[in-house]
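Trainee: The structure under discussion is supplied below as structure tokens; questions concerning it will follow.
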Amino acid sequence: MKSYELCKCMFTEYPDCVGVQELMQMLGIKKTKTYELLQSGEIKAKKIGKDYKISKVNVIAYIIGEEQL
């Protein structure tokens, strides 16, 4: 199943685009590890000013080992 299809059943309580705090909750990880994943590009995100915006599809793709958008 593709990551965009899984969005219909995974993390349904989260918006399509999440921030760092929500990503931490989704993955159950601490702030340091979250920023490591974002800064290394392991989870693709857009940096807008000081904030990161992460597509929920990319979070799911990261979890299932699929290519991110």
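Convention: chains lettered A, B, ... in structure tokens order; per-chain residue numbering from 1; ligands numbered from 1 as shown.
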So that I can check the surroundings of A:Asp16, please list as a PyMOL selection string every protein, DNA and RNA residue that reaches within 10 Å of it, counting only C-alpha atoms and ignoring chain neighbours fewer than 6 positions away.
Mentor: chain A and resi 7+53-58
Trainee: Enumerate, as a count of residues only, the complete set of residues in chain A that a backbone-based DSSP assignment places in alpha helix (DSSP H).
Mentor: 31
Trainee: I need the residue nearest A:Glu13 from this list: A:Ile60, A:Glu67, A:Met26, A:Gly49. Use only C-alpha atoms for the distance.
Mentor: A:Met26
Trainee: Going by DSSP on the backbone, which residues of chain A come out as strand (DSSP E or B)? List them as a PDB file with C-alpha atoms, in the first residue's frame.
Mentor:
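Saved result, result.pdb, follows:
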ATOM      1  CA  CYS A  17       0.961  19.161   7.122  1.00  0.00           C
ATOM      2  CA  VAL A  18       2.466  18.948  10.608  1.00  0.00           C
ATOM      3  CA  LYS A  46      10.070  22.517   4.032  1.00  0.00           C
ATOM      4  CA  LYS A  47      11.676  25.097   6.271  1.00  0.00           C
ATOM      5  CA  ILE A  48       9.656  28.282   6.412  1.00  0.00           C
ATOM      6  CA  ASP A  51       9.687  26.455  11.385  1.00  0.00           C
ATOM      7  CA  TYR A  52       9.580  23.113   9.616  1.00  0.00           C
ATOM      8  CA  LYS A  53       6.457  21.955   7.795  1.00  0.00           C
ATOM      9  CA  ILE A  54       6.286  18.225   7.189  1.00  0.00           C
ATOM     10  CA  SER A  55       3.837  16.460   4.910  1.00  0.00           C
TER      11      SER A  55
END
Trainee: Quick one: distance from atom CA of A:Lys8 to atom CA of A:Gln39 in Å, one decimal?
Mentor: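 It comes out at 27.4 Å.
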Trainee: Do a neighbour search on stretch 35-38 of chain A at 9 Å with only C-alpha atoms, toss out local chain neighbours closer than 4 positions, and write the hits as a list in words.
Mentor: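 Those residues are Val20, Lys30, Lys31, Glu42, Ile43, Lys44, Ala45, Tyr52 and Ile54 of chain A.
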Trainee: Create the file for the chosen residues now, containing C-alpha atoms and written as a PDB file, in the first residue's frame.
Mentor:
ATOM      1  CA  VAL A  20       7.942  19.601  14.783  1.00  0.00           C
ATOM      2  CA  LYS A  30      12.386  13.479  21.460  1.00  0.00           C
ATOM      3  CA  LYS A  31      13.171  16.917  20.039  1.00  0.00           C
ATOM      4  CA  GLU A  42      15.788  11.524   6.341  1.00  0.00           C
ATOM      5  CA  ILE A  43      12.322  13.028   6.601  1.00  0.00           C
ATOM      6  CA  LYS A  44      11.756  15.572   3.863  1.00  0.00           C
ATOM      7  CA  ALA A  45      10.322  18.880   5.025  1.00  0.00           C
ATOM      8  CA  TYR A  52       9.580  23.113   9.616  1.00  0.00           C
ATOM      9  CA  ILE A  54       6.286  18.225   7.189  1.00  0.00           C
TER      10      ILE A  54
END
